[in-house]
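Visitor: File start05.pdb below, PDB, C-alpha atoms, pLDDT in the B column:
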ATOM      1  CA  MET E   8       0.000   0.000   0.000  1.00 42.00           C
ATOM      2  CA  THR E   9       1.312   3.429  -0.862  1.00 42.00           C
ATOM      3  CA  THR E  10      -1.025   5.614   1.142  1.00 47.00           C
ATOM      4  CA  SER E  11       0.434   8.336   3.336  1.00 46.00           C
ATOM      5  CA  SER E  12       0.399   7.842   7.072  1.00 45.00           C
ATOM      6  CA  ALA E  13       0.112  11.619   7.506  1.00 52.00           C
ATOM      7  CA  GLY E  14      -3.604  11.055   7.229  1.00 58.00           C
ATOM      8  CA  ALA E  15      -6.436  13.451   7.735  1.00 57.00           C
ATOM      9  CA  ALA E  16      -4.562  15.373  10.404  1.00 55.00           C
ATOM     10  CA  GLN E  17      -2.869  17.268   7.562  1.00 67.00           C
ATOM     11  CA  LEU E  18      -6.147  18.417   5.980  1.00 73.00           C
ATOM     12  CA  PRO E  19      -9.216  20.268   7.267  1.00 81.00           C
ATOM     13  CA  VAL E  20     -11.738  17.457   6.753  1.00 86.00           C
ATOM     14  CA  ASP E  21     -14.763  16.367   8.766  1.00 89.00           C
ATOM     15  CA  ARG E  22     -13.353  13.165  10.227  1.00 90.00           C
ATOM     16  CA  ALA E  23     -16.638  12.193  11.906  1.00 92.00           C
ATOM     17  CA  ALA E  24     -18.579  12.462   8.641  1.00 94.00           C
ATOM     18  CA  ILE E  25     -15.969  10.371   6.846  1.00 94.00           C
ATOM     19  CA  GLU E  26     -16.030   7.753   9.625  1.00 95.00           C
ATOM     20  CA  HIS E  27     -19.847   7.537   9.430  1.00 97.00           C
ATOM     21  CA  ARG E  28     -19.694   7.066   5.669  1.00 97.00           C
ATOM     22  CA  LEU E  29     -17.116   4.327   6.177  1.00 98.00           C
ATOM     23  CA  ILE E  30     -19.441   2.531   8.600  1.00 98.00           C
ATOM     24  CA  THR E  31     -22.207   2.535   5.981  1.00 98.00           C
ATOM     25  CA  MET E  32     -19.755   1.386   3.310  1.00 98.00           C
ATOM     26  CA  ARG E  33     -18.524  -1.476   5.506  1.00 98.00           C
ATOM     27  CA  LYS E  34     -22.134  -2.615   6.071  1.00 98.00           C
ATOM     28  CA  SER E  35     -22.911  -2.331   2.358  1.00 97.00           C
ATOM     29  CA  VAL E  36     -19.928  -4.472   1.369  1.00 97.00           C
ATOM     30  CA  GLY E  37     -21.125  -7.005   3.948  1.00 96.00           C
ATOM     31  CA  GLN E  38     -24.564  -7.002   2.333  1.00 96.00           C
ATOM     32  CA  LEU E  39     -22.980  -7.825  -1.019  1.00 94.00           C
ATOM     33  CA  ASP E  40     -21.198 -10.718   0.695  1.00 93.00           C
ATOM     34  CA  THR E  41     -24.533 -12.179   1.840  1.00 94.00           C
ATOM     35  CA  LEU E  42     -26.155 -12.233  -1.611  1.00 91.00           C
ATOM     36  CA  GLY E  43     -24.687 -15.583  -2.596  1.00 88.00           C
ATOM     37  CA  ALA E  44     -24.328 -16.790  -6.177  1.00 87.00           C
ATOM     38  CA  LEU E  45     -25.029 -14.157  -8.819  1.00 91.00           C
ATOM     39  CA  ASP E  46     -25.160 -16.345 -11.910  1.00 91.00           C
ATOM     40  CA  SER E  47     -27.561 -15.839 -14.820  1.00 90.00           C
ATOM     41  CA  ALA E  48     -30.092 -18.323 -13.417  1.00 91.00           C
ATOM     42  CA  ARG E  49     -30.236 -16.515 -10.079  1.00 91.00           C
ATOM     43  CA  LEU E  50     -30.650 -13.117 -11.704  1.00 91.00           C
ATOM     44  CA  ALA E  51     -33.372 -14.420 -14.065  1.00 90.00           C
ATOM     45  CA  GLY E  52     -35.258 -16.161 -11.252  1.00 91.00           C
ATOM     46  CA  ASP E  53     -34.873 -13.325  -8.763  1.00 91.00           C
ATOM     47  CA  PRO E  54     -35.050  -9.999 -10.638  1.00 88.00           C
ATOM     48  CA  GLY E  55     -35.075  -8.146  -7.333  1.00 91.00           C
ATOM     49  CA  ALA E  56     -31.515  -9.317  -6.679  1.00 92.00           C
ATOM     50  CA  GLY E  57     -30.257  -7.232  -9.590  1.00 91.00           C
ATOM     51  CA  LEU E  58     -32.026  -4.165  -8.255  1.00 92.00           C
ATOM     52  CA  VAL E  59     -30.566  -4.708  -4.785  1.00 94.00           C
ATOM     53  CA  ILE E  60     -27.071  -5.145  -6.228  1.00 93.00           C
ATOM     54  CA  GLU E  61     -27.371  -2.009  -8.351  1.00 93.00           C
ATOM     55  CA  ARG E  62     -28.617   0.034  -5.387  1.00 94.00           C
ATOM     56  CA  ILE E  63     -25.848  -1.139  -3.046  1.00 95.00           C
ATOM     57  CA  LEU E  64     -23.201  -0.389  -5.677  1.00 94.00           C
ATOM     58  CA  ALA E  65     -24.718   3.058  -6.306  1.00 92.00           C
ATOM     59  CA  LEU E  66     -24.656   3.763  -2.565  1.00 95.00           C
ATOM     60  CA  LEU E  67     -21.005   2.703  -2.324  1.00 96.00           C
ATOM     61  CA  ASP E  68     -20.147   4.929  -5.279  1.00 93.00           C
ATOM     62  CA  ASP E  69     -22.032   7.895  -3.766  1.00 93.00           C
ATOM     63  CA  LEU E  70     -20.368   7.500  -0.367  1.00 96.00           C
ATOM     64  CA  ALA E  71     -16.877   7.190  -1.850  1.00 95.00           C
ATOM     65  CA  ALA E  72     -17.576  10.226  -4.041  1.00 92.00           C
ATOM     66  CA  ALA E  73     -18.606  12.264  -0.989  1.00 94.00           C
ATOM     67  CA  ILE E  74     -15.434  11.300   0.879  1.00 95.00           C
ATOM     68  CA  ASN E  75     -13.240  11.918  -2.162  1.00 93.00           C
ATOM     69  CA  ARG E  76     -14.940  15.251  -2.871  1.00 92.00           C
ATOM     70  CA  GLU E  77     -14.320  16.446   0.687  1.00 91.00           C
ATOM     71  CA  VAL E  78     -10.646  15.482   0.587  1.00 89.00           C
ATOM     72  CA  SER E  79     -10.164  16.918  -2.899  1.00 88.00           C
ATOM     73  CA  THR E  80     -11.789  20.195  -1.879  1.00 88.00           C
ATOM     74  CA  ALA E  81      -9.590  20.379   1.227  1.00 86.00           C
ATOM     75  CA  LEU E  82      -6.523  19.872  -0.977  1.00 82.00           C
ATOM     76  CA  SER E  83      -7.323  22.260  -3.813  1.00 83.00           C
ATOM     77  CA  GLY E  84      -9.964  24.596  -2.449  1.00 86.00           C
ATOM     78  CA  GLU E  85     -12.505  23.511  -5.061  1.00 86.00           C
ATOM     79  CA  PRO E  86     -14.476  20.321  -5.676  1.00 87.00           C
ATOM     80  CA  PRO E  87     -13.380  17.920  -8.418  1.00 88.00           C
ATOM     81  CA  ARG E  88     -15.226  18.070 -11.726  1.00 88.00           C
ATOM     82  CA  THR E  89     -15.684  14.316 -12.169  1.00 86.00           C
ATOM     83  CA  PRO E  90     -15.800  11.198  -9.985  1.00 84.00           C
ATOM     84  CA  ALA E  91     -12.598   9.978 -11.659  1.00 85.00           C
ATOM     85  CA  ALA E  92     -10.896  13.266 -10.757  1.00 87.00           C
ATOM     86  CA  ALA E  93     -12.091  12.850  -7.175  1.00 89.00           C
ATOM     87  CA  PHE E  94     -10.579   9.366  -6.978  1.00 89.00           C
ATOM     88  CA  GLY E  95      -7.372  10.795  -8.450  1.00 88.00           C
ATOM     89  CA  ALA E  96      -7.343  13.513  -5.793  1.00 87.00           C
ATOM     90  CA  ALA E  97      -7.866  10.886  -3.089  1.00 90.00           C
ATOM     91  CA  GLY E  98      -4.784   9.123  -4.423  1.00 89.00           C
ATOM     92  CA  LYS E  99      -2.835  12.376  -4.552  1.00 85.00           C
ATOM     93  CA  ALA E 100      -3.740  13.078  -0.918  1.00 85.00           C
ATOM     94  CA  GLY E 101      -2.328   9.670   0.017  1.00 90.00           C
ATOM     95  CA  MET E 102      -5.741   8.512   1.198  1.00 93.00           C
ATOM     96  CA  ILE E 103      -5.819   5.570  -1.244  1.00 95.00           C
ATOM     97  CA  ASP E 104      -3.247   4.163  -3.614  1.00 94.00           C
ATOM     98  CA  ALA E 105      -3.314   4.980  -7.326  1.00 91.00           C
ATOM     99  CA  GLY E 106      -4.172   1.425  -8.383  1.00 93.00           C
ATOM    100  CA  LEU E 107      -7.266   1.403  -6.213  1.00 95.00           C
ATOM    101  CA  ALA E 108      -8.279   4.853  -7.457  1.00 91.00           C
ATOM    102  CA  GLY E 109      -8.176   3.515 -11.020  1.00 89.00           C
ATOM    103  CA  ALA E 110     -10.053   0.330 -10.144  1.00 90.00           C
ATOM    104  CA  LEU E 111     -12.911   2.226  -8.527  1.00 91.00           C
ATOM    105  CA  ALA E 112     -13.241   4.693 -11.392  1.00 85.00           C
ATOM    106  CA  PRO E 113     -13.379   2.299 -14.360  1.00 74.00           C
ATOM    107  CA  ALA E 114     -13.239   3.836 -17.821  1.00 73.00           C
ATOM    108  CA  ASP E 115     -16.497   2.076 -18.775  1.00 76.00           C
ATOM    109  CA  GLY E 116     -18.405   3.792 -15.963  1.00 76.00           C
ATOM    110  CA  PRO E 117     -19.283   3.169 -12.327  1.00 79.00           C
ATOM    111  CA  HIS E 118     -19.906  -0.419 -11.239  1.00 83.00           C
ATOM    112  CA  HIS E 119     -23.630   0.147 -10.653  1.00 82.00           C
ATOM    113  CA  VAL E 120     -24.059   1.457 -14.205  1.00 87.00           C
ATOM    114  CA  LEU E 121     -22.178  -1.546 -15.585  1.00 86.00           C
ATOM    115  CA  VAL E 122     -24.512  -3.855 -13.647  1.00 88.00           C
ATOM    116  CA  GLN E 123     -27.557  -2.012 -15.046  1.00 88.00           C
ATOM    117  CA  LEU E 124     -26.255  -2.438 -18.572  1.00 85.00           C
ATOM    118  CA  CYS E 125     -25.454  -6.127 -18.129  1.00 88.00           C
ATOM    119  CA  LEU E 126     -28.563  -7.318 -16.267  1.00 89.00           C
ATOM    120  CA  ASP E 127     -30.692  -7.711 -19.380  1.00 84.00           C
ATOM    121  CA  THR E 128     -28.109  -8.315 -22.071  1.00 88.00           C
ATOM    122  CA  GLU E 129     -25.123 -10.038 -20.447  1.00 92.00           C
ATOM    123  CA  PRO E 130     -26.138 -11.269 -16.984  1.00 92.00           C
ATOM    124  CA  GLU E 131     -23.186 -13.658 -16.933  1.00 93.00           C
ATOM    125  CA  LYS E 132     -20.918 -10.608 -16.462  1.00 93.00           C
ATOM    126  CA  VAL E 133     -22.697  -9.325 -13.344  1.00 93.00           C
ATOM    127  CA  ALA E 134     -20.875 -11.608 -10.882  1.00 93.00           C
ATOM    128  CA  ALA E 135     -17.450 -10.425 -12.059  1.00 92.00           C
ATOM    129  CA  ILE E 136     -18.500  -6.759 -11.843  1.00 91.00           C
ATOM    130  CA  VAL E 137     -19.844  -7.273  -8.326  1.00 93.00           C
ATOM    131  CA  ASP E 138     -16.712  -9.182  -7.253  1.00 94.00           C
ATOM    132  CA  ALA E 139     -14.474  -6.374  -8.531  1.00 92.00           C
ATOM    133  CA  ALA E 140     -16.577  -3.720  -6.807  1.00 93.00           C
ATOM    134  CA  ARG E 141     -16.815  -5.678  -3.545  1.00 95.00           C
ATOM    135  CA  SER E 142     -13.063  -6.202  -3.452  1.00 96.00           C
ATOM    136  CA  GLY E 143     -12.316  -2.609  -4.426  1.00 96.00           C
ATOM    137  CA  TYR E 144     -14.676  -1.010  -1.933  1.00 97.00           C
ATOM    138  CA  ARG E 145     -13.535  -3.332   0.859  1.00 97.00           C
ATOM    139  CA  GLU E 146      -9.969  -2.156   0.183  1.00 98.00           C
ATOM    140  CA  TYR E 147     -11.127   1.464  -0.103  1.00 97.00           C
ATOM    141  CA  VAL E 148     -12.720   1.248   3.347  1.00 98.00           C
ATOM    142  CA  ARG E 149      -9.533  -0.272   4.779  1.00 97.00           C
ATOM    143  CA  GLN E 150      -7.228   2.331   3.239  1.00 97.00           C
ATOM    144  CA  VAL E 151      -9.415   5.316   4.120  1.00 96.00           C
ATOM    145  CA  THR E 152      -9.837   3.994   7.674  1.00 95.00           C
ATOM    146  CA  ASP E 153      -6.051   3.732   7.995  1.00 94.00           C
ATOM    147  CA  TRP E 154      -5.682   7.239   6.570  1.00 92.00           C
ATOM    148  CA  ILE E 155      -8.344   8.879   8.733  1.00 90.00           C
ATOM    149  CA  THR E 156      -6.972   7.310  11.944  1.00 87.00           C
ATOM    150  CA  ALA E 157      -3.262   7.756  11.164  1.00 81.00           C
ATOM    151  CA  ASP E 158      -1.060   9.553  13.614  1.00 58.00           C
ATOM    152  CA  PRO E 159       0.822  12.289  11.741  1.00 59.00           C
ATOM    153  CA  GLY E 160       3.930  11.436  13.758  1.00 54.00           C
ATOM    154  CA  GLU E 161       4.119   7.974  12.148  1.00 53.00           C
ATOM    155  CA  ASP E 162       5.711   9.174   8.870  1.00 49.00           C
TER     156      ASP E 162
END
Go through the file and emit its structure as structure tokens.

Guide:
Amino acid sequence: MTTSSAGAAQLPVDRAAIEHRLITMRKSVGQLDTLGALDSARLAGDPGAGLVIERILALLDDLAAAINREVSTALSGEPPRTPAAAFGAAGKAGMIDAGLAGALAPADGPHHVLVQLCLDTEPEKVAAIVDAARSGYREYVRQVTDWITADPGED
């Protein structure tokens, strides 16, 4: 991991708000874990599962965007113009590593949008999208938690 141990102590951010968002993100990743198999048969037989997946992924994206936006604004004085720019700023701040920033801002669009697009036409791709998002957001929560709780004297 290449995140900075200087953490949030270096920036004027609302640590409590970030911590609350992280709690919700942790619970949401756990909910994805409980969904079980997400193969084509499951998605065809249980259309509500796709809606639940899409909503959880949208929530994770929204929460990460809010955290990233706050950190980016604290760094530059203005909010980022795009979600990808916000993830880049989070990497620049040392909050998350660059590889994770890229994984959570895929060029094809946010994970929840990819799930929406695949549900009807390519449901066999949904499980891989969800696995990538689950893994990425789990790591995001871990790295941001480390960053927000870091002691600036640990550098």

Visitor: I'd like the neighbourhood of E:Arg22 as number ranges by chain, where a residue qualifies if any of its atoms comes within 9 Å (using only C-alpha atoms), though same-chain residues fewer than 4 positions away should be ignored.

Guide: E: 15, 26-27, 155-156

Visitor: Could you tell me which residues the PyMOL selection byres ((chain E and resi 126-136) around 12) grabs in this file, written as an mmCIF file with C-alpha atoms, keeping the file's coordinate frame?

Guide:
data_model
loop_
_atom_site.group_PDB
_atom_site.id
_atom_site.type_symbol
_atom_site.label_atom_id
_atom_site.label_comp_id
_atom_site.auth_asym_id
_atom_site.auth_seq_id
_atom_site.Cartn_x
_atom_site.Cartn_y
_atom_site.Cartn_z
ATOM 1 C CA LEU E 39 -22.980 -7.825 -1.019
ATOM 2 C CA ASP E 40 -21.198 -10.718 0.695
ATOM 3 C CA LEU E 42 -26.155 -12.233 -1.611
ATOM 4 C CA GLY E 43 -24.687 -15.583 -2.596
ATOM 5 C CA ALA E 44 -24.328 -16.790 -6.177
ATOM 6 C CA LEU E 45 -25.029 -14.157 -8.819
ATOM 7 C CA ASP E 46 -25.160 -16.345 -11.910
ATOM 8 C CA SER E 47 -27.561 -15.839 -14.820
ATOM 9 C CA ALA E 48 -30.092 -18.323 -13.417
ATOM 10 C CA ARG E 49 -30.236 -16.515 -10.079
ATOM 11 C CA LEU E 50 -30.650 -13.117 -11.704
ATOM 12 C CA ALA E 51 -33.372 -14.420 -14.065
ATOM 13 C CA GLY E 52 -35.258 -16.161 -11.252
ATOM 14 C CA ASP E 53 -34.873 -13.325 -8.763
ATOM 15 C CA PRO E 54 -35.050 -9.999 -10.638
ATOM 16 C CA GLY E 55 -35.075 -8.146 -7.333
ATOM 17 C CA ALA E 56 -31.515 -9.317 -6.679
ATOM 18 C CA GLY E 57 -30.257 -7.232 -9.590
ATOM 19 C CA LEU E 58 -32.026 -4.165 -8.255
ATOM 20 C CA VAL E 59 -30.566 -4.708 -4.785
ATOM 21 C CA ILE E 60 -27.071 -5.145 -6.228
ATOM 22 C CA GLU E 61 -27.371 -2.009 -8.351
ATOM 23 C CA LEU E 64 -23.201 -0.389 -5.677
ATOM 24 C CA ALA E 110 -10.053 0.330 -10.144
ATOM 25 C CA LEU E 111 -12.911 2.226 -8.527
ATOM 26 C CA PRO E 113 -13.379 2.299 -14.360
ATOM 27 C CA ASP E 115 -16.497 2.076 -18.775
ATOM 28 C CA GLY E 116 -18.405 3.792 -15.963
ATOM 29 C CA PRO E 117 -19.283 3.169 -12.327
ATOM 30 C CA HIS E 118 -19.906 -0.419 -11.239
ATOM 31 C CA HIS E 119 -23.630 0.147 -10.653
ATOM 32 C CA VAL E 120 -24.059 1.457 -14.205
ATOM 33 C CA LEU E 121 -22.178 -1.546 -15.585
ATOM 34 C CA VAL E 122 -24.512 -3.855 -13.647
ATOM 35 C CA GLN E 123 -27.557 -2.012 -15.046
ATOM 36 C CA LEU E 124 -26.255 -2.438 -18.572
ATOM 37 C CA CYS E 125 -25.454 -6.127 -18.129
ATOM 38 C CA VAL E 137 -19.844 -7.273 -8.326
ATOM 39 C CA ASP E 138 -16.712 -9.182 -7.253
ATOM 40 C CA ALA E 139 -14.474 -6.374 -8.531
ATOM 41 C CA ALA E 140 -16.577 -3.720 -6.807
ATOM 42 C CA ARG E 141 -16.815 -5.678 -3.545
ATOM 43 C CA SER E 142 -13.063 -6.202 -3.452
ATOM 44 C CA GLY E 143 -12.316 -2.609 -4.426
#

Visitor: Residues at most 9 Å from E:Val148, counting all atoms listed in the file, excluding those fewer than 6 positions away in the same chain, as a PDB file with C-alpha atoms, in the coordinates of the input?

Guide:
ATOM      1  CA  LEU E  29     -17.116   4.327   6.177  1.00 98.00           C
ATOM      2  CA  ILE E  30     -19.441   2.531   8.600  1.00 98.00           C
ATOM      3  CA  MET E  32     -19.755   1.386   3.310  1.00 98.00           C
ATOM      4  CA  ARG E  33     -18.524  -1.476   5.506  1.00 98.00           C
ATOM      5  CA  ALA E  71     -16.877   7.190  -1.850  1.00 95.00           C
TER       6      ALA E  71
END

Visitor: Tell me, in Å to one decimal, how far atom CA of E:Met102 is from atom CA of E:Arg76.

Guide: 12.1 Å

Visitor: Report as JSON, numbers by chain the residues that result from applying the PyMOL selection byres ((chain E and resi 93-95) around 7) to the structure here.

Guide: {"E": [72, 75, 76, 79, 87, 89, 90, 91, 92, 96, 97, 98, 99, 108, 112]}

Visitor: Put those residues in a file: C-alpha atoms, as a PDB file, in the coordinates of the input.

Guide:
ATOM      1  CA  ALA E  72     -17.576  10.226  -4.041  1.00 92.00           C
ATOM      2  CA  ASN E  75     -13.240  11.918  -2.162  1.00 93.00           C
ATOM      3  CA  ARG E  76     -14.940  15.251  -2.871  1.00 92.00           C
ATOM      4  CA  SER E  79     -10.164  16.918  -2.899  1.00 88.00           C
ATOM      5  CA  PRO E  87     -13.380  17.920  -8.418  1.00 88.00           C
ATOM      6  CA  THR E  89     -15.684  14.316 -12.169  1.00 86.00           C
ATOM      7  CA  PRO E  90     -15.800  11.198  -9.985  1.00 84.00           C
ATOM      8  CA  ALA E  91     -12.598   9.978 -11.659  1.00 85.00           C
ATOM      9  CA  ALA E  92     -10.896  13.266 -10.757  1.00 87.00           C
ATOM     10  CA  ALA E  96      -7.343  13.513  -5.793  1.00 87.00           C
ATOM     11  CA  ALA E  97      -7.866  10.886  -3.089  1.00 90.00           C
ATOM     12  CA  GLY E  98      -4.784   9.123  -4.423  1.00 89.00           C
ATOM     13  CA  LYS E  99      -2.835  12.376  -4.552  1.00 85.00           C
ATOM     14  CA  ALA E 108      -8.279   4.853  -7.457  1.00 91.00           C
ATOM     15  CA  ALA E 112     -13.241   4.693 -11.392  1.00 85.00           C
TER      16      ALA E 112
END

Visitor: So the first atom is atom CA of E:Leu66 and the second is atom CA of E:Ala157; what is the distance between them in Å, to one decimal place?

Guide: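 Atom CA of E:Ala157 lies at a distance of 25.7 Å from atom CA of E:Leu66.
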
Visitor: Using Å and a single decimal, report how far atom CA of E:Ser35 sits from atom CA of E:Leu18.

Guide: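 Value for the atom CA of E:Leu18-atom CA of E:Ser35 distance: 26.9 Å.
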
Visitor: Excluding E:Pro19 and residues on its chain fewer than 6 positions from it, collect all residues at most 9 Å away from it, counting all atoms listed in the file, and give them as a ChimeraX atom specification.

Guide: /E:78,81-82

Visitor: Go through E:Gln150, E:Thr80, E:Leu70, E:Arg145 and flag the residue nearest E:Val36, using all atoms listed in the file for the distances.

Guide: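 When distances to E:Val36 are compared using all atoms listed in the file, the smallest one comes from E:Arg145.
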
Visitor: Nearest to E:Glu77 among E:Tyr147, E:Arg28, E:Lys34, E:Asp153, with distances taken over only C-alpha atoms: which residue is it?

Guide: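 Comparing E:Tyr147, E:Arg28, E:Lys34, E:Asp153 against E:Glu77, the winner is E:Arg28.
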